[in-house]
Amino acid sequence: MKNRRILIVEDEKKIADTLKKGLNENGFEAEVAYEGKTGLKLFDTRSFDLIILDINLPGINGYELCKRMRATDPQIRVIMLTSLSSLNDKMEGYDAGADDYIVKPFEFKELLMKIRALLKRTLIGGIPTGNLLKASDLEMNLDSKEVKRGEVMLNLTAKEFQLLEYLLRNKNRVVSRSDIAFHVWDIDFDTNTNVIDVYINYVRNKVDKPFGHKLIQTHVGMGYILKENG
Ligand code: CA
């Protein structure tokens with residue numbers, strides 16, 4: 001079995017490096033990012049099984065990172081690592097999609113236990129999802145890159161496919177234009193561009209227009225939502 005890959009996002013160099021060393025010694029392949037942006041870049045370009053996220057980070061904080069990673073990969077396991085120990089902070093971590101939480105200072109052994117438990121759960125629970133994304137009669141196959149509405153095959157460009165994939169991964173949730181810009185175009189949002197609205201229209205013309213039941217809806221001032229049964 002290949003080594004499980006872990007990304008550590010932690011700005012305290014000493015903690016990050018100690019963790020990396022400990023994890024590598026325990027048969028994991030660990031990588032470190034010392035700030036949020038680098039963490040997100042690594043996350044987007046390589047595949048990881050689990051993320052260890054500090055909360056107070058320069059640039060993007062751990063909560064925000066967790067939300068973004070979760071939006072891209074709903075299967076990813078996240079452990080929040082923090083010196084904040086109040087209940088409210090924990091709640092915020094879980095709200096952001098963390099699977100577990102560990103408060104500094106902590107025992108490496110305890111973290112290792114949590115990591116093993118989470119990865120075990122991934123192995124058992126993570127496989128049968130397959131590579132299909134679905135909402136109502138819309139179906140996207142991530143392997144063959146085919147998109148179907150009912151029995152009708154839809155012909156999308158690469159960018160339209162990525163946009164629809166992002167909407168499907170976040171179905172029943174409003175995504176803002178800046179979320180879309182960040183995840184689909186890999187840019188920070190520029191208010192002067194209407195490229196997202198233009199592409200939403202392209203996708204709508206193919207995915208919704210020819211069919212009676214509209215899946216992609218606009219939330220004025222907030223963004224877009226792909227709504228199952230909506
Ligand atoms: Ca920190």
# chains A, B, ... in the order shown; residues from 1 in each chain; ligands from 1
call {"tool": "closest_atom_pairs", "arguments": {"of": "chain A", "to": "ligand 1", "cutoff": "6 Å", "atoms": "only C-alpha atoms and all ligand atoms", "output": "Markdown table"}}
result
| residue | atom | partner | partner_atom_place_in_ligand_line | distance |
| --- | --- | --- | --- | --- |
| A:Glu10 | CA | ligand 1 | 1 (Ca) | 5.9 |
| A:Asp11 | CA | ligand 1 | 1 (Ca) | 5.0 |
| A:Glu12 | CA | ligand 1 | 1 (Ca) | 5.8 |
| A:Asp54 | CA | ligand 1 | 1 (Ca) | 5.7 |
| A:Asn56 | CA | ligand 1 | 1 (Ca) | 4.2 |
| A:Leu57 | CA | ligand 1 | 1 (Ca) | 4.8 |
call {"tool": "write_last_selection", "arguments": {"atoms": "C-alpha atoms", "output": "short mmCIF file (atom, residue, chain, number, x, y, z; two decimals), in the first residue's frame"}}
result
data_model
loop_
_atom_site.label_atom_id
_atom_site.label_comp_id
_atom_site.auth_asym_id
_atom_site.auth_seq_id
_atom_site.Cartn_x
_atom_site.Cartn_y
_atom_site.Cartn_z
CA GLU A 10 1.36 25.60 10.27
CA ASP A 11 3.27 28.88 10.55
CA GLU A 12 5.23 27.93 13.67
CA ASP A 54 -3.39 25.48 12.19
CA ASN A 56 -4.07 31.32 13.21
CA LEU A 57 -2.13 31.61 9.99
#
call {"tool": "residues_around", "arguments": {"residues": "stretch 213-220 of chain A", "least_positions_apart": "2", "cutoff": "12 Å", "atoms": "only C-alpha atoms", "output": "VMD selection string"}}
result
chain A and resid 134 to 138 149 to 150 163 to 164 167 to 168 170 to 177 197 200 to 211 222 to 230
call {"tool": "select_by_dssp", "arguments": {"residues": "stretch 64-95 of chain A", "states": "helix (DSSP H, G or I)", "output": "VMD selection string"}}
result
chain A and resid 64 to 72 87 to 95
call {"tool": "write_last_selection", "arguments": {"atoms": "C-alpha atoms", "output": "PDB file, in the first residue's frame"}}
result
ATOM      1  CA  GLU A  64     -11.266  29.623   5.556  1.00  0.00           C
ATOM      2  CA  LEU A  65      -8.701  27.113   4.267  1.00  0.00           C
ATOM      3  CA  CYS A  66     -10.779  24.265   5.604  1.00  0.00           C
ATOM      4  CA  LYS A  67     -13.922  25.541   3.871  1.00  0.00           C
ATOM      5  CA  ARG A  68     -12.124  25.944   0.567  1.00  0.00           C
ATOM      6  CA  MET A  69     -10.462  22.544   0.712  1.00  0.00           C
ATOM      7  CA  ARG A  70     -13.729  20.922   1.705  1.00  0.00           C
ATOM      8  CA  ALA A  71     -15.468  22.576  -1.248  1.00  0.00           C
ATOM      9  CA  THR A  72     -12.879  21.174  -3.638  1.00  0.00           C
ATOM     10  CA  LEU A  87     -15.827  25.836  22.934  1.00  0.00           C
ATOM     11  CA  ASN A  88     -16.795  28.550  20.457  1.00  0.00           C
ATOM     12  CA  ASP A  89     -13.557  28.125  18.565  1.00  0.00           C
ATOM     13  CA  LYS A  90     -14.148  24.410  18.352  1.00  0.00           C
ATOM     14  CA  MET A  91     -17.665  24.987  17.076  1.00  0.00           C
ATOM     15  CA  GLU A  92     -16.320  27.277  14.390  1.00  0.00           C
ATOM     16  CA  GLY A  93     -13.827  24.606  13.384  1.00  0.00           C
ATOM     17  CA  TYR A  94     -16.493  21.963  13.038  1.00  0.00           C
ATOM     18  CA  ASP A  95     -18.734  24.420  11.183  1.00  0.00           C
TER      19      ASP A  95
END
call {"tool": "closest_residue", "arguments": {"among": "A:Pro74, A:Gly39, A:Met113, A:Leu81", "to": "A:Leu133", "atoms": "only C-alpha atoms"}}
result
A:Pro74
call {"tool": "residues_around", "arguments": {"residues": "A:Ile60", "least_positions_apart": "6", "cutoff": "10 Å", "atoms": "only C-alpha atoms", "output": "list in words"}}
result
Glu35, Gly36, Lys37, Thr38, Gly39, Leu40 and Cys66 of chain A
call {"tool": "write_last_selection", "arguments": {"atoms": "N, CA, C and O atoms", "output": "PDB file, in the first residue's frame"}}
result
ATOM      1  N   GLU A  35       2.375  28.941   5.382  1.00  0.00           N
ATOM      2  CA  GLU A  35       1.261  29.901   5.399  1.00  0.00           C
ATOM      3  C   GLU A  35       0.136  29.412   4.487  1.00  0.00           C
ATOM      4  O   GLU A  35       0.307  28.483   3.700  1.00  0.00           O
ATOM      5  N   GLY A  36      -1.042  30.071   4.624  1.00  0.00           N
ATOM      6  CA  GLY A  36      -2.256  29.578   3.996  1.00  0.00           C
ATOM      7  C   GLY A  36      -2.218  29.458   2.482  1.00  0.00           C
ATOM      8  O   GLY A  36      -2.626  28.441   1.919  1.00  0.00           O
ATOM      9  N   LYS A  37      -1.724  30.505   1.818  1.00  0.00           N
ATOM     10  CA  LYS A  37      -1.740  30.505   0.348  1.00  0.00           C
ATOM     11  C   LYS A  37      -0.939  29.343  -0.210  1.00  0.00           C
ATOM     12  O   LYS A  37      -1.372  28.670  -1.140  1.00  0.00           O
ATOM     13  N   THR A  38       0.259  29.125   0.365  1.00  0.00           N
ATOM     14  CA  THR A  38       1.103  28.017  -0.085  1.00  0.00           C
ATOM     15  C   THR A  38       0.390  26.696   0.170  1.00  0.00           C
ATOM     16  O   THR A  38       0.429  25.778  -0.658  1.00  0.00           O
ATOM     17  N   GLY A  39      -0.287  26.620   1.327  1.00  0.00           N
ATOM     18  CA  GLY A  39      -1.027  25.406   1.664  1.00  0.00           C
ATOM     19  C   GLY A  39      -2.073  25.092   0.615  1.00  0.00           C
ATOM     20  O   GLY A  39      -2.213  23.960   0.160  1.00  0.00           O
ATOM     21  N   LEU A  40      -2.799  26.122   0.216  1.00  0.00           N
ATOM     22  CA  LEU A  40      -3.868  25.951  -0.763  1.00  0.00           C
ATOM     23  C   LEU A  40      -3.307  25.558  -2.130  1.00  0.00           C
ATOM     24  O   LEU A  40      -3.865  24.716  -2.824  1.00  0.00           O
ATOM     25  N   CYS A  66     -10.022  25.500   5.455  1.00  0.00           N
ATOM     26  CA  CYS A  66     -10.779  24.265   5.604  1.00  0.00           C
ATOM     27  C   CYS A  66     -12.011  24.285   4.707  1.00  0.00           C
ATOM     28  O   CYS A  66     -12.312  23.317   4.015  1.00  0.00           O
TER      29      CYS A  66
END
call {"tool": "select_by_dssp", "arguments": {"residues": "chain A", "states": "strand (DSSP E)", "output": "number ranges by chain"}}
result
A: 5-9, 29-33, 50-54, 77-82, 100-103, 132-135, 138-141, 146-149, 152-154, 216-219, 223-226
call {"tool": "write_last_selection", "arguments": {"atoms": "C-alpha atoms", "output": "mmCIF file, in the first residue's frame"}}
result
data_model
loop_
_atom_site.group_PDB
_atom_site.id
_atom_site.type_symbol
_atom_site.label_atom_id
_atom_site.label_comp_id
_atom_site.auth_asym_id
_atom_site.auth_seq_id
_atom_site.Cartn_x
_atom_site.Cartn_y
_atom_site.Cartn_z
ATOM 1 C CA ARG A 5 -0.029 11.713 2.229
ATOM 2 C CA ILE A 6 -0.491 14.428 4.815
ATOM 3 C CA LEU A 7 -0.296 18.175 4.354
ATOM 4 C CA ILE A 8 0.644 20.267 7.389
ATOM 5 C CA VAL A 9 -0.266 23.967 7.273
ATOM 6 C CA GLU A 29 4.490 11.174 3.532
ATOM 7 C CA ALA A 30 4.206 14.611 5.075
ATOM 8 C CA GLU A 31 4.610 18.024 3.466
ATOM 9 C CA VAL A 32 4.638 21.429 5.130
ATOM 10 C CA ALA A 33 3.293 24.840 4.135
ATOM 11 C CA LEU A 50 -5.435 14.288 5.279
ATOM 12 C CA ILE A 51 -4.721 17.900 6.199
ATOM 13 C CA ILE A 52 -3.452 19.187 9.524
ATOM 14 C CA LEU A 53 -4.475 22.811 9.749
ATOM 15 C CA ASP A 54 -3.387 25.476 12.187
ATOM 16 C CA ARG A 77 -9.954 14.612 6.219
ATOM 17 C CA VAL A 78 -9.075 17.678 8.269
ATOM 18 C CA ILE A 79 -7.649 17.958 11.761
ATOM 19 C CA MET A 80 -7.508 21.476 13.195
ATOM 20 C CA LEU A 81 -4.481 22.264 15.281
ATOM 21 C CA THR A 82 -4.748 25.245 17.543
ATOM 22 C CA ASP A 100 -11.322 16.584 14.461
ATOM 23 C CA TYR A 101 -9.608 19.086 16.638
ATOM 24 C CA ILE A 102 -6.477 19.070 18.745
ATOM 25 C CA VAL A 103 -5.401 21.742 21.209
ATOM 26 C CA LEU A 132 -20.093 10.328 -10.397
ATOM 27 C CA LEU A 133 -21.563 13.646 -9.324
ATOM 28 C CA LYS A 134 -25.337 13.846 -9.449
ATOM 29 C CA ALA A 135 -28.165 16.273 -8.897
ATOM 30 C CA LEU A 138 -28.031 15.640 -14.073
ATOM 31 C CA GLU A 139 -25.058 13.305 -13.963
ATOM 32 C CA MET A 140 -21.355 14.055 -14.356
ATOM 33 C CA ASN A 141 -18.797 11.302 -14.779
ATOM 34 C CA GLU A 146 -19.331 12.852 -19.745
ATOM 35 C CA VAL A 147 -22.264 14.956 -18.654
ATOM 36 C CA LYS A 148 -25.834 13.747 -19.066
ATOM 37 C CA ARG A 149 -29.196 15.245 -18.342
ATOM 38 C CA VAL A 152 -29.306 13.381 -23.200
ATOM 39 C CA MET A 153 -25.533 13.701 -23.513
ATOM 40 C CA LEU A 154 -24.349 17.306 -23.047
ATOM 41 C CA ILE A 216 -28.901 26.507 -11.572
ATOM 42 C CA GLN A 217 -30.412 29.460 -9.786
ATOM 43 C CA THR A 218 -29.207 32.996 -9.129
ATOM 44 C CA HIS A 219 -29.200 34.401 -5.636
ATOM 45 C CA GLY A 223 -24.026 34.145 -6.112
ATOM 46 C CA TYR A 224 -25.315 30.932 -7.597
ATOM 47 C CA ILE A 225 -26.739 27.659 -6.371
ATOM 48 C CA LEU A 226 -27.260 24.362 -8.098
#
call {"tool": "closest_residue", "arguments": {"among": "A:Lys13, A:Arg4, A:Arg169, A:Lys41", "to": "A:Phe28", "atoms": "only C-alpha atoms"}}
result
A:Arg4
call {"tool": "atom_distance", "arguments": {"atom1": "atom CA of A:Arg116", "atom2": "atom CA of A:Glu25"}}
result
14.2 Å
call {"tool": "decode", "arguments": {"residues": "stretch 164-179 of chain A", "atoms": "all heavy atoms", "output": "CSV table (one decimal), in the first residue's frame"}}
result
chain,number,residue,atom,x,y,z
A,164,LEU,N,-19.3,23.6,-13.9
A,164,LEU,CA,-20.4,22.7,-13.5
A,164,LEU,C,-20.0,21.7,-12.4
A,164,LEU,O,-20.8,21.5,-11.4
A,164,LEU,CB,-21.0,22.0,-14.7
A,164,LEU,CG,-22.2,21.1,-14.4
A,164,LEU,CD1,-23.4,22.0,-14.0
A,164,LEU,CD2,-22.6,20.3,-15.7
A,165,GLU,N,-18.8,21.2,-12.5
A,165,GLU,CA,-18.3,20.3,-11.5
A,165,GLU,C,-18.2,21.0,-10.1
A,165,GLU,O,-18.7,20.5,-9.1
A,165,GLU,CB,-16.9,19.8,-11.8
A,165,GLU,CG,-16.3,18.9,-10.7
A,165,GLU,CD,-14.8,18.5,-11.0
A,165,GLU,OE1,-14.3,18.7,-12.2
A,165,GLU,OE2,-14.2,18.0,-10.1
A,166,TYR,N,-17.8,22.3,-10.1
A,166,TYR,CA,-17.7,23.0,-8.8
A,166,TYR,C,-19.1,23.2,-8.3
A,166,TYR,O,-19.4,23.1,-7.1
A,166,TYR,CB,-17.0,24.4,-9.1
A,166,TYR,CG,-16.9,25.1,-7.8
A,166,TYR,CD1,-16.0,24.7,-6.8
A,166,TYR,CD2,-17.6,26.3,-7.6
A,166,TYR,CE1,-15.9,25.4,-5.6
A,166,TYR,CE2,-17.4,27.0,-6.4
A,166,TYR,CZ,-16.6,26.5,-5.4
A,166,TYR,OH,-16.5,27.2,-4.2
A,167,LEU,N,-20.1,23.6,-9.1
A,167,LEU,CA,-21.5,23.8,-8.7
A,167,LEU,C,-22.0,22.5,-8.1
A,167,LEU,O,-22.7,22.4,-7.1
A,167,LEU,CB,-22.3,24.3,-9.8
A,167,LEU,CG,-22.1,25.7,-10.3
A,167,LEU,CD1,-22.9,26.0,-11.5
A,167,LEU,CD2,-22.4,26.7,-9.2
A,168,LEU,N,-21.7,21.4,-8.8
A,168,LEU,CA,-22.2,20.1,-8.4
A,168,LEU,C,-21.6,19.6,-7.1
A,168,LEU,O,-22.3,19.1,-6.2
A,168,LEU,CB,-21.9,19.0,-9.4
A,168,LEU,CG,-23.0,18.8,-10.5
A,168,LEU,CD1,-22.4,18.0,-11.7
A,168,LEU,CD2,-24.2,18.1,-10.0
A,169,ARG,N,-20.4,19.9,-6.9
A,169,ARG,CA,-19.7,19.5,-5.6
A,169,ARG,C,-20.3,20.3,-4.5
A,169,ARG,O,-20.2,19.9,-3.3
A,169,ARG,CB,-18.2,19.7,-5.7
A,169,ARG,CG,-17.5,18.7,-6.5
A,169,ARG,CD,-16.0,18.9,-6.3
A,169,ARG,NE,-15.2,18.0,-7.2
A,169,ARG,CZ,-14.9,16.7,-7.0
A,169,ARG,NH1,-15.4,16.1,-6.0
A,169,ARG,NH2,-14.2,16.0,-7.9
A,170,ASN,N,-20.8,21.5,-4.8
A,170,ASN,CA,-21.4,22.3,-3.7
A,170,ASN,C,-22.9,22.4,-3.9
A,170,ASN,O,-23.5,23.4,-3.5
A,170,ASN,CB,-20.8,23.7,-3.8
A,170,ASN,CG,-19.4,23.7,-3.4
A,170,ASN,OD1,-19.1,23.7,-2.3
A,170,ASN,ND2,-18.5,23.8,-4.4
A,171,LYS,N,-23.5,21.3,-4.4
A,171,LYS,CA,-25.0,21.4,-4.7
A,171,LYS,C,-25.8,21.8,-3.4
A,171,LYS,O,-25.4,21.4,-2.3
A,171,LYS,CB,-25.5,20.1,-5.3
A,171,LYS,CG,-25.6,19.0,-4.4
A,171,LYS,CD,-26.2,17.8,-5.2
A,171,LYS,CE,-26.1,16.5,-4.3
A,171,LYS,NZ,-26.5,15.3,-5.0
A,172,ASN,N,-26.9,22.5,-3.6
A,172,ASN,CA,-27.7,23.0,-2.5
A,172,ASN,C,-27.1,24.0,-1.6
A,172,ASN,O,-27.5,24.2,-0.5
A,172,ASN,CB,-28.3,21.8,-1.7
A,172,ASN,CG,-29.1,20.8,-2.6
A,172,ASN,OD1,-29.8,21.2,-3.5
A,172,ASN,ND2,-28.9,19.5,-2.3
A,173,ARG,N,-26.0,24.6,-2.1
A,173,ARG,CA,-25.2,25.6,-1.3
A,173,ARG,C,-25.0,26.8,-2.2
A,173,ARG,O,-24.5,26.6,-3.3
A,173,ARG,CB,-23.9,24.9,-0.9
A,173,ARG,CG,-23.3,25.6,0.3
A,173,ARG,CD,-22.1,24.7,0.8
A,173,ARG,NE,-20.9,24.8,0.0
A,173,ARG,CZ,-20.0,25.8,0.3
A,173,ARG,NH1,-20.1,26.6,1.2
A,173,ARG,NH2,-18.9,25.9,-0.5
A,174,VAL,N,-25.2,28.0,-1.7
A,174,VAL,CA,-24.9,29.1,-2.5
A,174,VAL,C,-23.4,29.3,-2.6
A,174,VAL,O,-22.7,29.3,-1.6
A,174,VAL,CB,-25.6,30.4,-2.0
A,174,VAL,CG1,-25.2,31.6,-2.8
A,174,VAL,CG2,-27.1,30.3,-2.0
A,175,VAL,N,-22.9,29.5,-3.8
A,175,VAL,CA,-21.4,29.8,-4.0
A,175,VAL,C,-21.3,31.2,-4.5
A,175,VAL,O,-22.1,31.6,-5.5
A,175,VAL,CB,-20.7,28.8,-4.9
A,175,VAL,CG1,-20.5,27.5,-4.1
A,175,VAL,CG2,-21.4,28.5,-6.2
A,176,SER,N,-20.4,32.0,-4.0
A,176,SER,CA,-20.3,33.4,-4.4
A,176,SER,C,-19.4,33.4,-5.7
A,176,SER,O,-18.7,32.5,-6.0
A,176,SER,CB,-19.6,34.2,-3.3
A,176,SER,OG,-18.3,33.8,-3.2
A,177,ARG,N,-19.5,34.6,-6.4
A,177,ARG,CA,-18.6,34.7,-7.6
A,177,ARG,C,-17.2,34.6,-7.2
A,177,ARG,O,-16.4,34.1,-8.0
A,177,ARG,CB,-18.9,36.1,-8.2
A,177,ARG,CG,-20.2,36.1,-9.0
A,177,ARG,CD,-20.4,37.5,-9.6
A,177,ARG,NE,-21.7,37.5,-10.3
A,177,ARG,CZ,-22.9,37.6,-9.7
A,177,ARG,NH1,-23.0,37.6,-8.4
A,177,ARG,NH2,-24.0,37.6,-10.4
A,178,SER,N,-16.8,35.1,-6.0
A,178,SER,CA,-15.4,35.0,-5.7
A,178,SER,C,-15.0,33.6,-5.4
A,178,SER,O,-13.8,33.2,-5.7
A,178,SER,CB,-15.0,36.0,-4.5
A,178,SER,OG,-15.9,35.9,-3.5
A,179,ASP,N,-15.9,32.8,-4.8
A,179,ASP,CA,-15.6,31.3,-4.6
A,179,ASP,C,-15.3,30.7,-6.0
A,179,ASP,O,-14.4,29.9,-6.1
A,179,ASP,CB,-16.8,30.6,-4.0
A,179,ASP,CG,-17.0,30.9,-2.5
A,179,ASP,OD1,-16.0,31.3,-1.9
A,179,ASP,OD2,-18.2,30.8,-2.1
